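*Asks:* Supplied structure: protein-v6.cif, mmCIF, C-alpha atoms.
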data_target
#
loop_
_atom_site.group_PDB
_atom_site.id
_atom_site.type_symbol
_atom_site.label_atom_id
_atom_site.label_comp_id
_atom_site.auth_asym_id
_atom_site.auth_seq_id
_atom_site.Cartn_x
_atom_site.Cartn_y
_atom_site.Cartn_z
ATOM 1 C CA MET A 982 141.228 -17.971 113.627
ATOM 2 C CA THR A 983 141.802 -15.710 110.625
ATOM 3 C CA SER A 984 145.349 -15.045 109.475
ATOM 4 C CA PRO A 985 147.031 -12.096 111.209
ATOM 5 C CA HIS A 986 147.267 -8.934 109.150
ATOM 6 C CA PRO A 987 150.770 -8.372 107.681
ATOM 7 C CA ALA A 988 150.878 -4.914 109.269
ATOM 8 C CA LEU A 989 150.521 -6.492 112.699
ATOM 9 C CA ALA A 990 153.440 -8.867 112.067
ATOM 10 C CA GLN A 991 155.572 -5.902 111.042
ATOM 11 C CA ARG A 992 154.573 -4.022 114.163
ATOM 12 C CA LEU A 993 155.510 -6.979 116.329
ATOM 13 C CA ARG A 994 158.901 -7.270 114.643
ATOM 14 C CA GLU A 995 159.520 -3.592 115.255
ATOM 15 C CA ALA A 996 158.492 -3.912 118.894
ATOM 16 C CA PHE A 997 160.836 -6.856 119.392
ATOM 17 C CA VAL A 998 163.846 -5.204 117.756
ATOM 18 C CA TRP A 999 163.135 -1.954 119.602
ATOM 19 C CA ALA A 1000 163.114 -3.758 122.952
ATOM 20 C CA CYS A 1001 166.348 -5.605 122.153
ATOM 21 C CA GLU A 1002 168.109 -2.437 121.004
ATOM 22 C CA LEU A 1003 166.898 -0.677 124.122
ATOM 23 C CA ASP A 1004 168.338 -3.525 126.188
ATOM 24 C CA VAL A 1005 171.899 -2.801 125.043
ATOM 25 C CA ALA A 1006 171.421 0.974 124.962
ATOM 26 C CA ALA A 1007 170.939 0.920 128.742
ATOM 27 C CA ARG A 1008 173.864 0.172 131.032
ATOM 28 C CA LYS A 1009 172.673 -2.772 133.081
ATOM 29 C CA PRO A 1010 175.434 -3.914 135.436
ATOM 30 C CA GLY A 1011 176.801 -7.318 134.531
ATOM 31 C CA ASN A 1012 175.102 -7.330 131.102
ATOM 32 C CA VAL A 1013 176.552 -6.373 127.736
ATOM 33 C CA SER A 1014 175.703 -2.821 126.668
ATOM 34 C CA VAL A 1015 176.851 -0.213 124.181
ATOM 35 C CA ALA A 1016 178.855 1.342 127.007
ATOM 36 C CA SER A 1017 180.426 -1.907 128.141
ATOM 37 C CA PRO A 1018 181.089 -5.198 126.310
ATOM 38 C CA GLY A 1019 181.602 -8.322 128.345
ATOM 39 C CA HIS A 1020 181.512 -12.117 128.542
ATOM 40 C CA GLY A 1021 183.135 -12.307 125.104
ATOM 41 C CA MET A 1022 180.346 -10.332 123.424
ATOM 42 C CA ASP A 1023 179.458 -6.758 122.532
ATOM 43 C CA ALA A 1024 176.288 -4.838 121.732
ATOM 44 C CA ALA A 1025 176.581 -5.511 118.003
ATOM 45 C CA HIS A 1026 176.107 -9.246 118.632
ATOM 46 C CA PHE A 1027 172.800 -8.562 120.356
ATOM 47 C CA VAL A 1028 171.498 -6.089 117.787
ATOM 48 C CA ALA A 1029 172.357 -8.436 114.906
ATOM 49 C CA SER A 1030 170.716 -11.306 116.775
ATOM 50 C CA ALA A 1031 167.534 -9.314 117.325
ATOM 51 C CA ARG A 1032 167.238 -8.312 113.702
ATOM 52 C CA ALA A 1033 167.838 -11.873 112.537
ATOM 53 C CA ALA A 1034 165.429 -13.431 115.028
ATOM 54 C CA ALA A 1035 162.599 -10.929 114.522
ATOM 55 C CA HIS A 1036 161.092 -12.437 111.375
ATOM 56 C CA PRO A 1037 160.863 -16.079 112.528
ATOM 57 C CA LEU A 1038 159.842 -15.012 116.021
ATOM 58 C CA CYS A 1039 156.943 -12.971 114.651
ATOM 59 C CA ALA A 1040 156.022 -15.247 111.731
ATOM 60 C CA PRO A 1041 152.230 -14.901 111.346
ATOM 61 C CA GLY A 1042 150.331 -17.946 112.541
ATOM 62 C CA ALA A 1043 153.427 -19.969 113.453
ATOM 63 C CA ALA A 1044 153.391 -22.338 116.422
ATOM 64 C CA VAL A 1045 155.280 -21.127 119.489
ATOM 65 C CA GLY A 1046 157.826 -23.947 119.354
ATOM 66 C CA ARG A 1047 158.531 -23.281 115.690
ATOM 67 C CA ARG A 1048 159.055 -19.589 116.425
ATOM 68 C CA ILE A 1049 161.548 -20.461 119.162
ATOM 69 C CA GLU A 1050 163.523 -22.949 117.086
ATOM 70 C CA ALA A 1051 163.669 -20.794 113.954
ATOM 71 C CA ALA A 1052 164.633 -17.668 115.919
ATOM 72 C CA VAL A 1053 167.477 -19.486 117.663
ATOM 73 C CA GLU A 1054 168.728 -20.854 114.325
ATOM 74 C CA ALA A 1055 168.604 -17.371 112.799
ATOM 75 C CA THR A 1056 170.473 -15.965 115.785
ATOM 76 C CA TRP A 1057 173.155 -18.628 115.585
ATOM 77 C CA ALA A 1058 173.684 -17.903 111.892
ATOM 78 C CA VAL A 1059 174.667 -14.294 112.587
ATOM 79 C CA ALA A 1060 176.163 -14.434 116.091
ATOM 80 C CA GLN A 1061 177.597 -17.945 116.411
ATOM 81 C CA CYS A 1062 176.824 -17.835 120.129
ATOM 82 C CA ASN A 1063 173.906 -17.732 122.555
ATOM 83 C CA THR A 1064 172.876 -14.101 122.822
ATOM 84 C CA ASN A 1065 169.127 -14.361 123.256
ATOM 85 C CA LEU A 1066 167.759 -17.807 124.176
ATOM 86 C CA GLY A 1067 165.854 -16.535 127.221
ATOM 87 C CA ILE A 1068 164.522 -13.578 125.268
ATOM 88 C CA VAL A 1069 163.276 -15.850 122.482
ATOM 89 C CA LEU A 1070 161.681 -18.318 124.907
ATOM 90 C CA LEU A 1071 159.710 -15.461 126.465
ATOM 91 C CA CYS A 1072 158.928 -13.323 123.435
ATOM 92 C CA ALA A 1073 157.724 -16.168 121.191
ATOM 93 C CA PRO A 1074 154.503 -16.835 123.154
ATOM 94 C CA LEU A 1075 154.081 -13.078 123.616
ATOM 95 C CA ALA A 1076 154.194 -12.537 119.853
ATOM 96 C CA ALA A 1077 151.738 -15.389 119.286
ATOM 97 C CA ALA A 1078 149.419 -13.898 121.907
ATOM 98 C CA ALA A 1079 149.582 -10.457 120.302
ATOM 99 C CA GLU A 1080 148.207 -11.908 117.066
ATOM 100 C CA ARG A 1081 145.105 -13.139 118.918
ATOM 101 C CA TRP A 1082 144.921 -9.954 120.983
ATOM 102 C CA ALA A 1083 144.658 -7.586 118.044
ATOM 103 C CA LEU A 1084 140.862 -7.420 118.255
ATOM 104 C CA ALA A 1085 140.637 -7.088 122.049
ATOM 105 C CA ARG A 1086 143.374 -4.547 122.745
ATOM 106 C CA GLY A 1087 144.549 -3.293 126.122
ATOM 107 C CA GLU A 1088 146.860 -4.935 128.628
ATOM 108 C CA ALA A 1089 144.105 -7.109 130.080
ATOM 109 C CA GLY A 1090 143.305 -8.410 126.612
ATOM 110 C CA LEU A 1091 146.950 -9.184 125.885
ATOM 111 C CA ARG A 1092 147.329 -11.023 129.180
ATOM 112 C CA ALA A 1093 144.186 -13.068 128.546
ATOM 113 C CA SER A 1094 145.420 -13.931 125.065
ATOM 114 C CA LEU A 1095 148.823 -14.925 126.432
ATOM 115 C CA ALA A 1096 147.224 -17.195 129.022
ATOM 116 C CA ALA A 1097 145.292 -18.903 126.237
ATOM 117 C CA VAL A 1098 148.448 -19.373 124.155
ATOM 118 C CA LEU A 1099 150.314 -20.895 127.100
ATOM 119 C CA ARG A 1100 147.434 -23.287 127.800
ATOM 120 C CA SER A 1101 147.436 -24.410 124.163
ATOM 121 C CA LEU A 1102 151.130 -25.398 124.003
ATOM 122 C CA ASP A 1103 151.656 -29.024 123.044
ATOM 123 C CA VAL A 1104 154.397 -31.634 122.876
ATOM 124 C CA ASP A 1105 155.430 -30.491 119.390
ATOM 125 C CA ASP A 1106 156.141 -27.066 120.873
ATOM 126 C CA ALA A 1107 158.219 -28.793 123.544
ATOM 127 C CA ARG A 1108 160.190 -30.787 120.967
ATOM 128 C CA ALA A 1109 161.019 -27.669 118.964
ATOM 129 C CA ALA A 1110 161.926 -25.683 122.074
ATOM 130 C CA TYR A 1111 164.139 -28.515 123.330
ATOM 131 C CA ARG A 1112 165.993 -28.569 120.006
ATOM 132 C CA ALA A 1113 166.462 -24.807 120.247
ATOM 133 C CA ILE A 1114 167.789 -24.992 123.798
ATOM 134 C CA ALA A 1115 170.214 -27.752 122.844
ATOM 135 C CA ARG A 1116 171.354 -25.661 119.847
ATOM 136 C CA ALA A 1117 171.920 -22.552 121.950
ATOM 137 C CA HIS A 1118 173.611 -24.646 124.659
ATOM 138 C CA PRO A 1119 173.329 -22.084 127.489
ATOM 139 C CA ALA A 1120 176.113 -22.103 130.063
ATOM 140 C CA GLY A 1121 175.493 -24.173 133.164
ATOM 141 C CA LEU A 1122 172.593 -26.088 131.617
ATOM 142 C CA GLY A 1123 173.453 -29.408 133.248
ATOM 143 C CA ARG A 1124 171.058 -32.364 133.368
ATOM 144 C CA VAL A 1125 167.872 -33.134 135.290
ATOM 145 C CA ALA A 1126 166.021 -36.340 136.094
ATOM 146 C CA GLN A 1127 162.720 -35.450 134.395
ATOM 147 C CA GLN A 1128 162.211 -34.075 130.857
ATOM 148 C CA ASP A 1129 165.892 -33.267 130.357
ATOM 149 C CA VAL A 1130 166.410 -31.079 127.273
ATOM 150 C CA HIS A 1131 168.915 -33.561 125.874
ATOM 151 C CA ALA A 1132 166.143 -36.171 125.621
ATOM 152 C CA GLU A 1133 162.847 -36.329 123.700
ATOM 153 C CA PRO A 1134 160.102 -34.595 125.695
ATOM 154 C CA THR A 1135 156.880 -36.413 126.502
ATOM 155 C CA LEU A 1136 155.047 -33.433 128.021
ATOM 156 C CA ASP A 1137 153.675 -30.265 126.464
ATOM 157 C CA LEU A 1138 155.934 -27.219 126.686
ATOM 158 C CA ARG A 1139 154.109 -25.571 129.577
ATOM 159 C CA ALA A 1140 154.156 -28.771 131.633
ATOM 160 C CA ALA A 1141 157.850 -29.219 130.886
ATOM 161 C CA MET A 1142 158.527 -25.631 131.973
ATOM 162 C CA ALA A 1143 156.596 -26.260 135.188
ATOM 163 C CA LEU A 1144 159.218 -28.835 136.188
ATOM 164 C CA ALA A 1145 161.887 -26.107 136.057
ATOM 165 C CA ALA A 1146 159.813 -23.228 137.416
ATOM 166 C CA GLU A 1147 161.273 -23.351 140.928
ATOM 167 C CA ARG A 1148 164.830 -22.916 139.665
ATOM 168 C CA ASP A 1149 164.406 -20.867 136.498
ATOM 169 C CA LEU A 1150 162.663 -17.494 136.178
ATOM 170 C CA VAL A 1151 162.029 -17.906 132.452
ATOM 171 C CA ALA A 1152 160.305 -21.249 133.037
ATOM 172 C CA ARG A 1153 158.281 -19.697 135.853
ATOM 173 C CA GLN A 1154 156.705 -17.199 133.461
ATOM 174 C CA TYR A 1155 155.190 -20.080 131.485
ATOM 175 C CA VAL A 1156 153.282 -21.372 134.499
ATOM 176 C CA THR A 1157 152.289 -17.982 135.982
ATOM 177 C CA ASP A 1158 151.057 -16.403 132.730
ATOM 178 C CA PHE A 1159 154.071 -14.066 132.798
ATOM 179 C CA ALA A 1160 153.176 -12.662 136.222
ATOM 180 C CA ASP A 1161 156.634 -11.177 136.846
ATOM 181 C CA VAL A 1162 156.780 -9.658 133.387
ATOM 182 C CA PHE A 1163 153.525 -7.750 133.816
ATOM 183 C CA ALA A 1164 153.328 -7.073 137.556
ATOM 184 C CA VAL A 1165 156.962 -6.013 137.917
ATOM 185 C CA GLY A 1166 158.410 -5.383 134.480
ATOM 186 C CA VAL A 1167 155.661 -3.726 132.469
ATOM 187 C CA ALA A 1168 154.380 -1.788 135.482
ATOM 188 C CA THR A 1169 157.833 -0.443 136.347
ATOM 189 C CA PHE A 1170 158.776 0.321 132.760
ATOM 190 C CA ARG A 1171 155.567 2.177 131.971
ATOM 191 C CA ALA A 1172 155.668 4.210 135.198
ATOM 192 C CA ALA A 1173 159.293 5.191 134.666
ATOM 193 C CA LEU A 1174 158.683 6.051 131.023
ATOM 194 C CA ALA A 1175 155.693 8.214 131.935
ATOM 195 C CA ARG A 1176 157.784 10.056 134.498
ATOM 196 C CA THR A 1177 160.948 10.602 132.469
ATOM 197 C CA ALA A 1178 159.997 10.120 128.785
ATOM 198 C CA ASP A 1179 163.360 8.325 128.594
ATOM 199 C CA ALA A 1180 163.072 4.709 127.486
ATOM 200 C CA VAL A 1181 166.716 3.928 128.273
ATOM 201 C CA ALA A 1182 166.342 5.143 131.850
ATOM 202 C CA ALA A 1183 163.035 3.288 132.144
ATOM 203 C CA LEU A 1184 164.636 -0.002 131.117
ATOM 204 C CA GLN A 1185 167.523 0.539 133.514
ATOM 205 C CA ARG A 1186 165.034 1.213 136.283
ATOM 206 C CA THR A 1187 163.156 -1.983 135.411
ATOM 207 C CA TYR A 1188 166.362 -3.997 135.453
ATOM 208 C CA LEU A 1189 167.242 -2.848 138.953
ATOM 209 C CA GLU A 1190 163.761 -3.741 140.126
ATOM 210 C CA PHE A 1191 164.160 -7.303 138.856
ATOM 211 C CA LEU A 1192 167.760 -7.661 139.997
ATOM 212 C CA ALA A 1193 167.108 -6.577 143.590
ATOM 213 C CA ALA A 1194 163.930 -8.636 143.954
ATOM 214 C CA GLN A 1195 165.231 -12.196 143.657
ATOM 215 C CA PRO A 1196 168.362 -14.161 142.714
ATOM 216 C CA ASP A 1197 169.027 -14.188 138.987
ATOM 217 C CA SER A 1198 168.605 -17.782 137.808
ATOM 218 C CA HIS A 1199 171.324 -17.499 135.146
ATOM 219 C CA ILE A 1200 173.834 -16.678 137.879
ATOM 220 C CA VAL A 1201 172.462 -19.441 140.088
ATOM 221 C CA ARG A 1202 172.855 -21.955 137.263
ATOM 222 C CA LYS A 1203 176.457 -20.945 136.520
ATOM 223 C CA HIS A 1204 177.840 -19.887 139.893
ATOM 224 C CA GLY A 1205 175.432 -21.041 142.590
ATOM 225 C CA ALA A 1206 172.858 -19.480 144.882
ATOM 226 C CA ALA A 1207 175.365 -17.655 147.100
ATOM 227 C CA ALA A 1208 176.781 -15.658 144.179
ATOM 228 C CA ALA A 1209 173.287 -14.748 142.998
ATOM 229 C CA GLN A 1210 172.289 -13.639 146.496
ATOM 230 C CA CYS A 1211 175.407 -11.462 146.657
ATOM 231 C CA VAL A 1212 174.501 -9.672 143.411
ATOM 232 C CA MET A 1213 170.927 -9.193 144.615
ATOM 233 C CA ARG A 1214 172.181 -7.564 147.823
ATOM 234 C CA GLU A 1215 174.501 -5.292 145.855
ATOM 235 C CA ALA A 1216 171.534 -4.185 143.740
ATOM 236 C CA LEU A 1217 169.375 -3.132 146.693
ATOM 237 C CA ALA A 1218 171.027 0.257 147.280
ATOM 238 C CA TRP A 1219 170.932 1.083 143.578
ATOM 239 C CA ARG A 1220 167.260 0.151 143.369
ATOM 240 C CA LYS A 1221 166.508 2.405 146.331
ATOM 241 C CA ARG A 1222 168.201 5.332 144.612
ATOM 242 C CA ALA A 1223 166.425 4.595 141.330
ATOM 243 C CA ARG A 1224 163.070 4.393 143.086
ATOM 244 C CA ALA A 1225 163.764 7.847 144.503
ATOM 245 C CA GLY A 1226 164.057 9.158 140.959
ATOM 246 C CA GLU A 1227 167.838 9.390 140.772
ATOM 247 C CA ARG A 1228 169.580 8.760 137.439
ATOM 248 C CA VAL A 1229 171.943 6.190 138.893
ATOM 249 C CA ASP A 1230 174.266 5.885 135.919
ATOM 250 C CA ALA A 1231 175.314 9.495 136.466
ATOM 251 C CA ASP A 1232 177.322 8.137 139.411
ATOM 252 C CA PRO A 1233 180.692 6.699 138.280
ATOM 253 C CA ALA A 1234 180.263 4.020 140.934
ATOM 254 C CA PHE A 1235 177.453 2.510 138.857
ATOM 255 C CA ALA A 1236 179.808 1.874 135.932
ATOM 256 C CA ALA A 1237 182.391 0.561 138.382
ATOM 257 C CA TRP A 1238 179.852 -1.939 139.717
ATOM 258 C CA ASP A 1239 179.097 -3.006 136.151
ATOM 259 C CA GLU A 1240 182.764 -3.690 135.473
ATOM 260 C CA SER A 1241 183.158 -5.461 138.814
ATOM 261 C CA LEU A 1242 180.390 -7.904 137.951
ATOM 262 C CA LYS A 1243 181.982 -8.593 134.576
ATOM 263 C CA ARG A 1244 185.383 -9.216 136.151
ATOM 264 C CA ARG A 1245 183.697 -11.760 138.402
ATOM 265 C CA ALA A 1246 181.972 -13.296 135.327
ATOM 266 C CA LEU A 1247 178.574 -12.592 136.917
ATOM 267 C CA ASN A 1248 175.974 -11.952 134.236
ATOM 268 C CA PRO A 1249 172.351 -11.425 135.420
ATOM 269 C CA GLY A 1250 171.100 -12.590 132.058
ATOM 270 C CA THR A 1251 167.661 -13.701 133.189
ATOM 271 C CA CYS A 1252 166.857 -10.242 134.526
ATOM 272 C CA ALA A 1253 167.835 -8.844 131.125
ATOM 273 C CA ASP A 1254 165.546 -11.366 129.400
ATOM 274 C CA LEU A 1255 162.649 -10.260 131.591
ATOM 275 C CA CYS A 1256 163.410 -6.604 130.800
ATOM 276 C CA VAL A 1257 163.322 -7.134 127.046
ATOM 277 C CA THR A 1258 160.043 -9.023 127.307
ATOM 278 C CA SER A 1259 158.570 -6.292 129.511
ATOM 279 C CA ALA A 1260 159.574 -3.572 127.061
ATOM 280 C CA MET A 1261 158.140 -5.516 124.133
ATOM 281 C CA ALA A 1262 154.866 -6.067 125.979
ATOM 282 C CA ALA A 1263 154.670 -2.364 126.827
ATOM 283 C CA ALA A 1264 155.403 -1.496 123.206
ATOM 284 C CA ILE A 1265 152.603 -3.739 121.990
ATOM 285 C CA VAL A 1266 150.063 -2.251 124.383
ATOM 286 C CA ASP A 1267 151.130 1.386 124.340
ATOM 287 C CA ASP A 1268 152.601 1.812 120.866
ATOM 288 C CA ALA A 1269 155.906 2.576 122.567
ATOM 289 C CA ALA A 1270 157.625 1.074 119.523
ATOM 290 C CA GLU A 1271 157.212 4.490 117.941
ATOM 291 C CA LEU A 1272 160.140 5.493 120.140
ATOM 292 C CA ARG A 1273 163.596 4.997 118.687
ATOM 293 C CA VAL A 1274 166.976 4.361 120.270
ATOM 294 C CA ASN A 1275 170.290 4.368 118.445
ATOM 295 C CA PRO A 1276 172.777 2.049 120.222
#
What does this structure look like when you write it as structure tokens?

*Replies:*
Amino acid sequence: MTSPHPALAQRLREAFVWACELDVAARKPGNVSVASPGHGMDAAHFVASARAAAHPLCAPGAAVGRRIEAAVEATWAVAQCNTNLGIVLLCAPLAAAAERWALARGEAGLRASLAAVLRSLDVDDARAAYRAIARAHPAGLGRVAQQDVHAEPTLDLRAAMALAAERDLVARQYVTDFADVFAVGVATFRAALARTADAVAALQRTYLEFLAAQPDSHIVRKHGAAAAQCVMREALAWRKRARAGERVDADPAFAAWDESLKRRALNPGTCADLCVTSAMAAAIVDDAAELRVNP
């Protein structure tokens, strides 16, 4: 494969940073945003992390595992905390796929390229990703019997992710070729953006779609399945209103729900990770990175 054109790498970096800035520009209950800090972090942590991680994440020709490890190290250097591990784990193979996709174009081409990237992952990718996960040390990580991240992996990265796919939505994307990202995230984001021409509202709409659809695995890992089910049920009414075209954050009760989740230390971080990845994928396909937000 020929080396990716430098202009493409720059475009990918811009798409990644745009998606991450959009993530904190939108109020997403339980998550950190410009409107509402929480969990010991504020929006500036996430923006700085995105800008630091963008270059290693989108390094032309780099292996997926190397992208993940270098992006986490760059993030840690500026934030000194885990702001974006899930985002990096998802966006690294997406960026690698976009380099191959450049000649094919279109969403179908990007998805085919991504599937090929995921099939090509090897044990070196797993080793680098494991080091990155251990460095980020996400809350509630715990230990498992097979391919624990605190040990040396013996499987390729996709196979290792398959072992966690039933309990972790990020891992599940690796074995389903990012099915949730495209079928739910990109589809919802693009439809909402076409209707409103408001990227912030489109991301908020996408978040509610993810949050009401299934328990957030970050909450499950930290607080258990019952807490995650509770948040999912709370999201259902807001998703219904958003689906009807209502701008839900115009209702003060939406901000109150956001603060309530933060008081309960409930952070649907995996849903946020899926949203960022969805926005980046849409930006790659549709040139949505030409849009600008100012958190």

*Asks:* Which residue, A:Leu1136, A:Ala1073, A:Ala1117, A:Leu1150, has the smallest gap to Ala1060 of chain A when you use only C-alpha atoms?

*Replies:*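 For Ala1060 of chain A, the nearest of the given residues is A:Ala1117.
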
*Asks:* Between A:Glu1147, A:Asp1103, A:Asp1232, A:Glu1054, single out the one closest to Ser1198 of chain A, counting all atoms listed in the file.

*Replies:* A:Glu1147

*Asks:* Could you write out as a list in words the residues that the PyMOL selection byres ((chain A and resi 1104) around 8) matches in the shown file?

*Replies:*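 Expected selection for the PyMOL selection byres ((chain A and resi 1104) around 8) here is Leu1102, Asp1103, Asp1105, Asp1106, Ala1107, Arg1108, Pro1134, Thr1135, Leu1136, Asp1137 and Leu1138 of chain A.
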
*Asks:* Do you have, as a tab-separated table, the list of residues of segment 1198-1241 of chain A lying at most 12 Å from segment 1251-1262 of chain A, each with its nearest atom pair and that distance in Å to one decimal, counting only C-alpha atoms and ordered by chain then number?

*Replies:*
residue	atom	partner	partner_atom	distance
A:Ser1198	CA	A:Thr1251	CA	6.2
A:His1199	CA	A:Thr1251	CA	5.6
A:Ile1200	CA	A:Thr1251	CA	8.3
A:Val1201	CA	A:Thr1251	CA	10.2
A:Arg1202	CA	A:Thr1251	CA	10.6
A:Lys1203	CA	A:Thr1251	CA	11.9
A:Ala1209	CA	A:Thr1251	CA	11.4
A:Val1212	CA	A:Cys1252	CA	11.7
A:Met1213	CA	A:Cys1252	CA	10.9
A:Ala1216	CA	A:Cys1252	CA	12.0

*Asks:* Would you pick out the contacts of segment 1167-1177 of chain A at 8 Å or less, using all atoms listed in the file, so that residues sharing its chain but fewer than 5 positions from it are not included, and give the list as a PDB file with C-alpha atoms, keeping the file's coordinate frame?

*Replies:*
ATOM      1  CA  VAL A1162     156.780  -9.658 133.387  1.00  0.00           C
ATOM      2  CA  ALA A1182     166.342   5.143 131.850  1.00  0.00           C
ATOM      3  CA  ALA A1183     163.035   3.288 132.144  1.00  0.00           C
ATOM      4  CA  LEU A1184     164.636  -0.002 131.117  1.00  0.00           C
ATOM      5  CA  ARG A1186     165.034   1.213 136.283  1.00  0.00           C
ATOM      6  CA  THR A1187     163.156  -1.983 135.411  1.00  0.00           C
ATOM      7  CA  GLU A1190     163.761  -3.741 140.126  1.00  0.00           C
ATOM      8  CA  SER A1259     158.570  -6.292 129.511  1.00  0.00           C
ATOM      9  CA  ALA A1260     159.574  -3.572 127.061  1.00  0.00           C
ATOM     10  CA  ALA A1262     154.866  -6.067 125.979  1.00  0.00           C
ATOM     11  CA  ALA A1263     154.670  -2.364 126.827  1.00  0.00           C
TER      12      ALA A1263
END

*Asks:* How would you write, as a ChimeraX atom specification, the residues chosen by the PyMOL selection byres ((chain A and resi 1007) around 9) on this structure?

*Replies:* /A:1002-1006,1008-1009,1014-1016,1180-1185,1276

*Asks:* May I ask which of the residues A:Pro1010, A:Ala1097, A:Trp999, A:Arg1092 is the closest one to Glu1215 of chain A, counting all atoms listed in the file?

*Replies:*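 The answer is A:Pro1010, which sits nearest to Glu1215 of chain A.
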
*Asks:* Between atom CA of Ala1089 of chain A and atom CA of Ala1077 of chain A, what is the distance in Å, rounded to a tenth?

*Replies:*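 Taking atom CA of Ala1089 of chain A and atom CA of Ala1077 of chain A, their separation equals 15.6 Å.
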
*Asks:* My list of candidates is A:Ala1051, A:Phe1235, A:Asn1063, A:Val1165. Which is closest to His1020 of chain A when distances are computed with only C-alpha atoms?

*Replies:*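 That would be A:Asn1063, the residue with the smallest distance to His1020 of chain A.
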
*Asks:* Grab the atom CA of Gly1087 of chain A to atom CA of Asp1267 of chain A distance for me, in Å with one decimal place.

*Replies:* 8.3 Å

*Asks:* At what distance in Å, to one decimal, does atom CA of Ala1078 of chain A lie from atom CA of Leu1095 of chain A?

*Replies:*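 Computing the Euclidean distance for atom CA of Leu1095 of chain A and atom CA of Ala1078 of chain A yields 4.7 Å.
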
*Asks:* Translate the PyMOL selection byres ((chain A and resi 1050) around 8), as applied to the file shown, into an explicit residue set as a list of chain:residue names.

*Replies:*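 Expected selection for the PyMOL selection byres ((chain A and resi 1050) around 8) here is A:Gly1046, A:Arg1047, A:Arg1048, A:Ile1049, A:Ala1051, A:Ala1052, A:Val1053, A:Glu1054, A:Ala1109, A:Ala1110, A:Arg1112, A:Ala1113.
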
*Asks:* Please determine, counting all atoms listed in the file, which residue among A:Leu1247, A:Ala1000, A:Leu1217, A:Leu993 has the shortest atom-to-atom distance to Ile1265 of chain A.

*Replies:* A:Leu993

*Asks:* Using 5 Å of padding on each side, determine the axis-aligned box around all atoms of segment 991-1007 of chain A present in the file and give its centre and edge lengths in Å to one decimal, as AutoDock Vina command-line options.

*Replies:*
--center_x 163.2 --center_y -3.1 --center_z 119.9 --size_x 27.3 --size_y 18.2 --size_z 27.7

*Asks:* Residues within 9 Å of Val1266 of chain A, please, as number ranges by chain. Count all atoms listed in the file; anything in the same chain fewer than 6 positions from it doesn't count.

*Replies:* A: 1086-1088, 1091

*Asks:* Skip His1036 of chain A itself and residues of its chain fewer than 4 positions away, then list as a list of chain:residue names all residues within 8 Å of it, counting all atoms listed in the file.

*Replies:*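 What passes the distance filter is A:Arg994, A:Arg1032, A:Ala1040, A:Ala1052.
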
*Asks:* With only C-alpha atoms as the basis for distance, which of A:Tyr1155, A:Glu1240, A:Tyr1188, A:Asn1248 is at the shortest distance from Arg1224 of chain A?

*Replies:*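 Among A:Tyr1155, A:Glu1240, A:Tyr1188, A:Asn1248, it is A:Tyr1188 that comes nearest to Arg1224 of chain A.
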
*Asks:* Residues near Ala1246 of chain A, anyone? I mean within 9 Å using all atoms listed in the file, not counting same-chain ones fewer than 2 positions away, as a VMD selection string.

*Replies:* chain A and resid 1011 1019 to 1020 1241 to 1244 1248
